[in-house]
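Asks: One file: query.cif (mmCIF, C-alpha atoms).
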```
data_final
#
loop_
_atom_site.label_atom_id
_atom_site.label_comp_id
_atom_site.auth_asym_id
_atom_site.auth_seq_id
_atom_site.Cartn_x
_atom_site.Cartn_y
_atom_site.Cartn_z
CA MET K 1 17.60 -55.15 -64.98
CA ALA K 2 19.87 -58.16 -64.78
CA TYR K 3 22.12 -60.13 -67.05
CA ALA K 4 23.73 -63.52 -66.49
CA LEU K 5 27.44 -63.92 -66.20
CA THR K 6 28.70 -65.86 -69.19
CA GLN K 7 30.77 -68.26 -67.14
CA GLU K 8 29.32 -71.72 -66.64
CA THR K 9 30.14 -71.71 -62.96
CA TYR K 10 28.06 -72.68 -59.98
CA HIS K 11 27.78 -69.63 -57.72
CA THR K 12 26.95 -69.36 -54.01
CA LEU K 13 26.36 -66.65 -51.44
CA ASP K 14 30.14 -66.34 -51.05
CA ASP K 15 30.24 -64.94 -54.60
CA ILE K 16 27.56 -62.39 -53.72
CA TYR K 17 29.49 -61.34 -50.60
CA SER K 18 32.73 -60.96 -52.58
CA LEU K 19 31.30 -58.55 -55.18
CA PRO K 20 33.01 -55.15 -55.35
CA ASP K 21 31.34 -52.35 -53.38
CA GLY K 22 28.38 -50.93 -55.25
CA GLU K 23 27.90 -53.95 -57.51
CA ARG K 24 24.72 -55.96 -56.98
CA ALA K 25 23.71 -59.39 -58.20
CA GLU K 26 21.13 -62.09 -57.62
CA LEU K 27 21.45 -65.88 -57.52
CA ILE K 28 18.87 -68.26 -58.86
CA ASP K 29 19.72 -71.95 -58.61
CA GLY K 30 23.43 -71.08 -58.48
CA GLU K 31 23.38 -68.85 -61.57
CA MET K 32 24.50 -65.27 -60.92
CA PHE K 33 22.79 -62.29 -62.52
CA ILE K 34 24.45 -58.87 -62.32
CA MET K 35 21.92 -56.11 -61.69
CA GLU K 36 21.93 -52.85 -63.61
CA ALA K 37 20.81 -49.48 -62.27
CA PRO K 38 17.03 -48.95 -62.51
CA SER K 39 15.38 -46.23 -64.60
CA MET K 40 13.79 -43.08 -63.22
CA THR K 41 10.28 -44.43 -63.96
CA HIS K 42 11.16 -47.64 -62.13
CA GLN K 43 12.24 -45.63 -59.08
CA LYS K 44 9.10 -43.47 -59.11
CA ILE K 45 6.85 -46.53 -59.19
CA LEU K 46 8.96 -48.22 -56.51
CA GLY K 47 8.56 -45.20 -54.23
CA GLU K 48 4.81 -45.02 -54.79
CA LEU K 49 4.31 -48.71 -54.08
CA TYR K 50 6.37 -48.47 -50.89
CA VAL K 51 4.46 -45.43 -49.60
CA GLN K 52 1.02 -46.93 -50.24
CA ILE K 53 1.92 -50.24 -48.59
CA TYR K 54 3.76 -48.60 -45.67
CA MET K 55 0.87 -46.23 -44.96
CA HIS K 56 -1.63 -49.11 -45.01
CA ILE K 57 0.42 -51.15 -42.54
CA LYS K 58 0.98 -48.13 -40.28
CA LYS K 59 -2.68 -47.04 -40.34
CA ASN K 60 -3.90 -50.55 -39.52
CA LYS K 61 -1.12 -51.29 -37.02
CA GLY K 62 -0.42 -54.51 -38.90
CA PRO K 63 2.28 -57.01 -37.98
CA CYS K 64 3.93 -56.91 -41.40
CA GLU K 65 6.89 -54.84 -42.55
CA VAL K 66 7.63 -53.52 -46.04
CA PHE K 67 11.13 -53.17 -47.48
CA LEU K 68 12.38 -51.89 -50.81
CA ALA K 69 15.44 -52.77 -52.84
CA PRO K 70 18.20 -53.22 -52.17
CA PHE K 71 17.10 -55.67 -49.47
CA ALA K 72 18.55 -59.18 -49.21
CA VAL K 73 16.11 -62.08 -49.49
CA TYR K 74 17.49 -65.57 -48.94
CA VAL K 75 14.27 -66.86 -50.44
CA ALA K 76 14.96 -70.59 -50.39
CA ASN K 77 17.11 -70.37 -47.25
CA ASP K 78 20.04 -72.03 -49.03
CA THR K 79 23.36 -70.88 -50.54
CA ARG K 80 22.22 -71.02 -54.19
CA ASN K 81 19.33 -68.52 -54.15
CA TYR K 82 19.54 -64.86 -53.23
CA VAL K 83 17.33 -62.10 -54.63
CA GLU K 84 16.73 -58.39 -54.09
CA PRO K 85 13.09 -57.85 -55.10
CA ASP K 86 11.90 -54.30 -55.65
CA VAL K 87 9.37 -54.52 -52.79
CA VAL K 88 8.83 -57.23 -50.17
CA VAL K 89 6.30 -57.54 -47.38
CA ILE K 90 7.22 -59.85 -44.51
CA CYS K 91 4.74 -60.73 -41.78
CA GLN K 92 6.90 -63.00 -39.61
CA ASP K 93 9.56 -61.29 -37.51
CA ASP K 94 11.49 -64.53 -37.07
CA LYS K 95 12.45 -64.39 -40.78
CA LEU K 96 14.19 -61.03 -40.33
CA ASP K 97 17.64 -60.10 -39.12
CA GLU K 98 20.18 -57.42 -39.94
CA ARG K 99 21.22 -59.26 -43.13
CA GLY K 100 17.69 -59.44 -44.56
CA CYS K 101 14.89 -61.97 -44.91
CA HIS K 102 15.58 -65.69 -44.45
CA GLY K 103 12.82 -67.62 -46.18
CA ALA K 104 9.92 -66.62 -48.38
CA PRO K 105 8.40 -63.15 -47.97
CA ASP K 106 4.61 -62.98 -47.89
CA TRP K 107 4.38 -60.60 -50.85
CA VAL K 108 6.97 -59.84 -53.53
CA ILE K 109 6.75 -57.10 -56.17
CA GLU K 110 9.10 -56.87 -59.13
CA ILE K 111 9.06 -53.88 -61.51
CA THR K 112 10.03 -55.26 -64.88
CA SER K 113 11.90 -53.77 -67.80
CA PRO K 114 12.44 -55.09 -71.33
CA SER K 115 15.84 -56.54 -70.34
CA ASN K 116 14.56 -58.55 -67.36
CA LYS K 117 11.10 -59.79 -68.39
CA TYR K 118 12.39 -63.35 -68.72
CA MET K 119 13.64 -63.22 -65.15
CA ASP K 120 10.43 -61.81 -63.65
CA TYR K 121 7.96 -63.91 -65.66
CA GLY K 122 10.11 -67.05 -65.72
CA ARG K 123 12.92 -67.75 -63.31
CA LYS K 124 11.67 -65.60 -60.42
CA LEU K 125 8.05 -66.66 -60.87
CA THR K 126 9.11 -70.29 -60.51
CA LEU K 127 11.46 -69.56 -57.59
CA TYR K 128 8.92 -67.51 -55.64
CA GLN K 129 6.14 -70.03 -56.13
CA ALA K 130 8.34 -72.98 -55.13
CA SER K 131 9.73 -71.11 -52.09
CA GLY K 132 6.35 -70.34 -50.53
CA VAL K 133 5.77 -66.68 -51.40
CA ARG K 134 2.06 -66.04 -50.84
CA GLU K 135 1.55 -63.30 -53.46
CA TYR K 136 3.69 -62.12 -56.38
CA TRP K 137 3.20 -59.01 -58.51
CA ILE K 138 4.95 -58.06 -61.73
CA VAL K 139 4.56 -54.36 -62.51
CA ASP K 140 5.18 -53.50 -66.17
CA PRO K 141 5.70 -49.73 -66.62
CA LYS K 142 5.93 -49.96 -70.41
CA GLN K 143 2.67 -51.88 -70.89
CA LYS K 144 1.08 -50.13 -67.87
CA TYR K 145 -0.27 -53.24 -66.22
CA VAL K 146 0.22 -55.36 -63.12
CA THR K 147 0.20 -59.16 -63.22
CA VAL K 148 -0.87 -60.70 -59.90
CA TYR K 149 -0.27 -64.28 -58.76
CA ASP K 150 -2.05 -65.45 -55.60
CA PHE K 151 0.06 -68.51 -54.82
CA GLU K 152 -1.63 -69.00 -51.47
CA LEU K 153 -4.95 -69.78 -53.15
CA GLY K 154 -3.39 -71.10 -56.36
CA GLU K 155 -5.02 -68.38 -58.43
CA GLY K 156 -3.85 -66.14 -61.22
CA PRO K 157 -2.40 -64.68 -63.14
CA PHE K 158 -4.73 -61.70 -62.95
CA VAL K 159 -3.80 -58.79 -65.20
CA HIS K 160 -4.81 -55.25 -64.20
CA SER K 161 -4.34 -51.94 -66.00
CA PHE K 162 -2.68 -49.06 -64.15
CA SER K 163 -6.03 -47.26 -64.62
CA GLU K 164 -7.76 -49.52 -62.06
CA PRO K 165 -6.99 -50.08 -58.36
CA VAL K 166 -5.35 -53.48 -57.85
CA LYS K 167 -6.55 -55.67 -54.96
CA VAL K 168 -3.86 -57.03 -52.66
CA HIS K 169 -4.78 -60.63 -51.81
CA ILE K 170 -2.85 -60.93 -48.53
CA TYR K 171 -4.86 -57.98 -47.12
CA LYS K 172 -8.66 -57.70 -46.99
CA ASN K 173 -8.87 -53.97 -47.56
CA LEU K 174 -5.83 -52.80 -49.52
CA PHE K 175 -5.97 -51.65 -53.13
CA ILE K 176 -2.91 -50.19 -54.86
CA ASP K 177 -3.44 -47.23 -57.18
CA LEU K 178 -0.94 -46.67 -59.99
CA ASN K 179 -3.26 -44.44 -62.03
CA GLN K 180 -0.80 -41.53 -61.86
CA PHE K 181 1.56 -43.53 -64.10
CA MET K 182 -0.98 -43.86 -66.97
#
```
For this file, produce the structure as structure tokens.

Replies:
Amino acid sequence: MAYALTQETYHTLDDIYSLPDGERAELIDGEMFIMEAPSMTHQKILGELYVQIYMHIKKNKGPCEVFLAPFAVYVANDTRNYVEPDVVVICQDDKLDERGCHGAPDWVIEITSPSNKYMDYGRKLTLYQASGVREYWIVDPKQKYVTVYDFELGEGPFVHSFSEPVKVHIYKNLFIDLNQFM
């Protein structure tokens, strides 16, 4: 969940770095959004997604790495855009350092809630597509579906129910199963 600060101020990474300990925010085009604590359901889905993706990468000895929030993504590699997606997969080591990911991840997953749907389906969708993210998923626990955008091929959105395995486009043989959350 996120909400915009009411000030009409242009924010940069310096504002993110100066937040009090424990407070998290994201920047999109210089607008700061304070992040609220996620729900229990959100965290359960986050954990399940991470485990399935991690195990696939480990089993196949793939070059990619998976990270879960909070993990810094300087998605546009500028001072006006900084996000902490729920799950990111990065396949290029040169984008990673101790601070996070510099540039577009290959795959981004956001788990939405009623208070942040606008962000996930609007602002972040536009930002991720423009920044070069290859694949973007929006997981909606309330509606029990996953919306998939394959930006690499310019396809989507594809909408899948939690009751069906969801094909990951950046991998040939990975399907994510969220059936336990039906």

Asks: Between CA of Tyr118 in chain K and CA of Gln92 in chain K, what is the distance, to one decimal in Å?

Replies: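 Computing the Euclidean distance for CA of Tyr118 in chain K and CA of Gln92 in chain K yields 29.6 Å.
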
Asks: Running the PyMOL selection byres ((chain K and resi 162) around 8) on this model by hand, what would come out? Give it as a ChimeraX atom specification.

Replies: /K:144-146,160-161,163-165,177-179,181-182

Asks: Which residue is closest to Pro85 in chain K? Choose from K:Glu110, K:Glu23, K:Asp14, K:Glu98 and count only C-alpha atoms.

Replies: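 Residue with the minimum atom-to-atom distance to Pro85 in chain K: K:Glu110.
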
Asks: Once you count all atoms listed in the file, which residues end up no further than 9 Å from (15.2, -69.9, -45.8) in the file's frame, shown as a PDB file with C-alpha atoms, in the frame of the given file?

Replies:
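Contents of out-v6.pdb, as written:
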```
ATOM      1  CA  VAL K  73      16.110 -62.080 -49.490  1.00  0.00           C
ATOM      2  CA  TYR K  74      17.490 -65.570 -48.940  1.00  0.00           C
ATOM      3  CA  VAL K  75      14.270 -66.860 -50.440  1.00  0.00           C
ATOM      4  CA  ALA K  76      14.960 -70.590 -50.390  1.00  0.00           C
ATOM      5  CA  ASN K  77      17.110 -70.370 -47.250  1.00  0.00           C
ATOM      6  CA  ASP K  78      20.040 -72.030 -49.030  1.00  0.00           C
ATOM      7  CA  LYS K  95      12.450 -64.390 -40.780  1.00  0.00           C
ATOM      8  CA  CYS K 101      14.890 -61.970 -44.910  1.00  0.00           C
ATOM      9  CA  HIS K 102      15.580 -65.690 -44.450  1.00  0.00           C
ATOM     10  CA  GLY K 103      12.820 -67.620 -46.180  1.00  0.00           C
ATOM     11  CA  ALA K 104       9.920 -66.620 -48.380  1.00  0.00           C
ATOM     12  CA  SER K 131       9.730 -71.110 -52.090  1.00  0.00           C
TER      13      SER K 131
END
```

Asks: Check the smallest atom-to-atom distance from each of K:Pro157, K:Gly22, K:Gly30, K:Pro38 to Ser115 in chain K using all atoms listed in the file, then report the winner.

Replies: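 Checking each candidate against Ser115 in chain K, we get K:Pro38 as the closest.
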
Asks: Which is closest to Lys142 in chain K among K:Pro114, K:Phe33, K:Tyr10, K:Asp106, if we use all atoms listed in the file?

Replies: K:Pro114

Asks: Return as number ranges by chain the set of residues that the PyMOL selection byres ((chain K and resi 121-123) around 12) yields on the displayed structure.

Replies: K: 2, 26-29, 31, 33, 81, 83, 109-120, 124-130, 136-140, 146-149, 157

Asks: Would you export the selected residues with C-alpha atoms as a PDB file, keeping the file's coordinate frame, please?

Replies:
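That gives us again_9.pdb:
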```pdb
ATOM      1  CA  ALA K   2      19.870 -58.160 -64.780  1.00  0.00           C
ATOM      2  CA  GLU K  26      21.130 -62.090 -57.620  1.00  0.00           C
ATOM      3  CA  LEU K  27      21.450 -65.880 -57.520  1.00  0.00           C
ATOM      4  CA  ILE K  28      18.870 -68.260 -58.860  1.00  0.00           C
ATOM      5  CA  ASP K  29      19.720 -71.950 -58.610  1.00  0.00           C
ATOM      6  CA  GLU K  31      23.380 -68.850 -61.570  1.00  0.00           C
ATOM      7  CA  PHE K  33      22.790 -62.290 -62.520  1.00  0.00           C
ATOM      8  CA  ASN K  81      19.330 -68.520 -54.150  1.00  0.00           C
ATOM      9  CA  VAL K  83      17.330 -62.100 -54.630  1.00  0.00           C
ATOM     10  CA  ILE K 109       6.750 -57.100 -56.170  1.00  0.00           C
ATOM     11  CA  GLU K 110       9.100 -56.870 -59.130  1.00  0.00           C
ATOM     12  CA  ILE K 111       9.060 -53.880 -61.510  1.00  0.00           C
ATOM     13  CA  THR K 112      10.030 -55.260 -64.880  1.00  0.00           C
ATOM     14  CA  SER K 113      11.900 -53.770 -67.800  1.00  0.00           C
ATOM     15  CA  PRO K 114      12.440 -55.090 -71.330  1.00  0.00           C
ATOM     16  CA  SER K 115      15.840 -56.540 -70.340  1.00  0.00           C
ATOM     17  CA  ASN K 116      14.560 -58.550 -67.360  1.00  0.00           C
ATOM     18  CA  LYS K 117      11.100 -59.790 -68.390  1.00  0.00           C
ATOM     19  CA  TYR K 118      12.390 -63.350 -68.720  1.00  0.00           C
ATOM     20  CA  MET K 119      13.640 -63.220 -65.150  1.00  0.00           C
ATOM     21  CA  ASP K 120      10.430 -61.810 -63.650  1.00  0.00           C
ATOM     22  CA  LYS K 124      11.670 -65.600 -60.420  1.00  0.00           C
ATOM     23  CA  LEU K 125       8.050 -66.660 -60.870  1.00  0.00           C
ATOM     24  CA  THR K 126       9.110 -70.290 -60.510  1.00  0.00           C
ATOM     25  CA  LEU K 127      11.460 -69.560 -57.590  1.00  0.00           C
ATOM     26  CA  TYR K 128       8.920 -67.510 -55.640  1.00  0.00           C
ATOM     27  CA  GLN K 129       6.140 -70.030 -56.130  1.00  0.00           C
ATOM     28  CA  ALA K 130       8.340 -72.980 -55.130  1.00  0.00           C
ATOM     29  CA  TYR K 136       3.690 -62.120 -56.380  1.00  0.00           C
ATOM     30  CA  TRP K 137       3.200 -59.010 -58.510  1.00  0.00           C
ATOM     31  CA  ILE K 138       4.950 -58.060 -61.730  1.00  0.00           C
ATOM     32  CA  VAL K 139       4.560 -54.360 -62.510  1.00  0.00           C
ATOM     33  CA  ASP K 140       5.180 -53.500 -66.170  1.00  0.00           C
ATOM     34  CA  VAL K 146       0.220 -55.360 -63.120  1.00  0.00           C
ATOM     35  CA  THR K 147       0.200 -59.160 -63.220  1.00  0.00           C
ATOM     36  CA  VAL K 148      -0.870 -60.700 -59.900  1.00  0.00           C
ATOM     37  CA  TYR K 149      -0.270 -64.280 -58.760  1.00  0.00           C
ATOM     38  CA  PRO K 157      -2.400 -64.680 -63.140  1.00  0.00           C
TER      39      PRO K 157
END
```

Asks: Env of Ile90 in chain K: 6 Å cut, atoms = only C-alpha atoms, seq-sep filter 4 positions within chain, self excluded. Answer as a PDB file with C-alpha atoms, in the coordinates of the input.

Replies:
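Final output, saved to around04.pdb:
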```pdb
ATOM      1  CA  CYS K  64       3.930 -56.910 -41.400  1.00  0.00           C
ATOM      2  CA  GLU K  65       6.890 -54.840 -42.550  1.00  0.00           C
ATOM      3  CA  PRO K 105       8.400 -63.150 -47.970  1.00  0.00           C
ATOM      4  CA  ASP K 106       4.610 -62.980 -47.890  1.00  0.00           C
TER       5      ASP K 106
END
```

Asks: Skip Arg134 in chain K itself and residues of its chain fewer than 4 positions away, then list as a list of chain:residue names all residues within 6 Å of it, counting all atoms listed in the file.

Replies: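 The filter keeps K:Asp106, K:Trp107, K:Phe151, K:Glu152.
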
Asks: Could you please take those selected residues and save C-alpha atoms as a compact mmCIF listing (two decimals), in the frame of the given file?

Replies:
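This is the output file result37.txt:
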```txt
# COMPACT_ATOMS: atom_id res chain seq x y z
CA ASP K 106 4.61 -62.98 -47.89
CA TRP K 107 4.38 -60.60 -50.85
CA PHE K 151 0.06 -68.51 -54.82
CA GLU K 152 -1.63 -69.00 -51.47
```

Asks: With all atoms listed in the file as the atoms that count, which of K:Met32, K:Leu153, K:Leu96, K:Val51 lies nearest to Ile170 in chain K?

Replies: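 That would be K:Leu153, the residue with the smallest distance to Ile170 in chain K.
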
Asks: Identify the residues within 6 Å of coordinate (10.2, -58.0, -48.4) (same frame as the file), considering all atoms listed in the file, and give the answer as a PDB file with C-alpha atoms, in the coordinates of the input.

Replies:
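Listed below is the output, result13.pdb:
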```
ATOM      1  CA  VAL K  66       7.630 -53.520 -46.040  1.00  0.00           C
ATOM      2  CA  PHE K  67      11.130 -53.170 -47.480  1.00  0.00           C
ATOM      3  CA  VAL K  87       9.370 -54.520 -52.790  1.00  0.00           C
ATOM      4  CA  VAL K  88       8.830 -57.230 -50.170  1.00  0.00           C
ATOM      5  CA  VAL K  89       6.300 -57.540 -47.380  1.00  0.00           C
ATOM      6  CA  ILE K  90       7.220 -59.850 -44.510  1.00  0.00           C
ATOM      7  CA  PRO K 105       8.400 -63.150 -47.970  1.00  0.00           C
TER       8      PRO K 105
END
```

Asks: Quick one: distance from CA of Val168 in chain K to CA of Arg24 in chain K in Å, one decimal?

Replies: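 Between CA of Val168 in chain K and CA of Arg24 in chain K the gap is 28.9 Å.
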
Asks: Between CA of Leu46 in chain K and CA of Asp21 in chain K, what is the spacing in Å?

Replies: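 Spanning CA of Asp21 in chain K to CA of Leu46 in chain K is a straight-line distance of 23.0 Å.
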
Asks: Which residue is closest to Thr9 in chain K? Choose from K:Leu174, K:Arg80, K:Gln143, K:Asp97 and count only C-alpha atoms.

Replies: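 Of K:Leu174, K:Arg80, K:Gln143, K:Asp97, the one nearest Thr9 in chain K is K:Arg80, counting only C-alpha atoms.
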
Asks: Choose the residue, out of K:Pro63, K:Tyr82, K:Glu135, K:Tyr171, that has the smallest atom-to-atom separation from Tyr17 in chain K; count only C-alpha atoms.

Replies: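 Nearest to Tyr17 in chain K: K:Tyr82.
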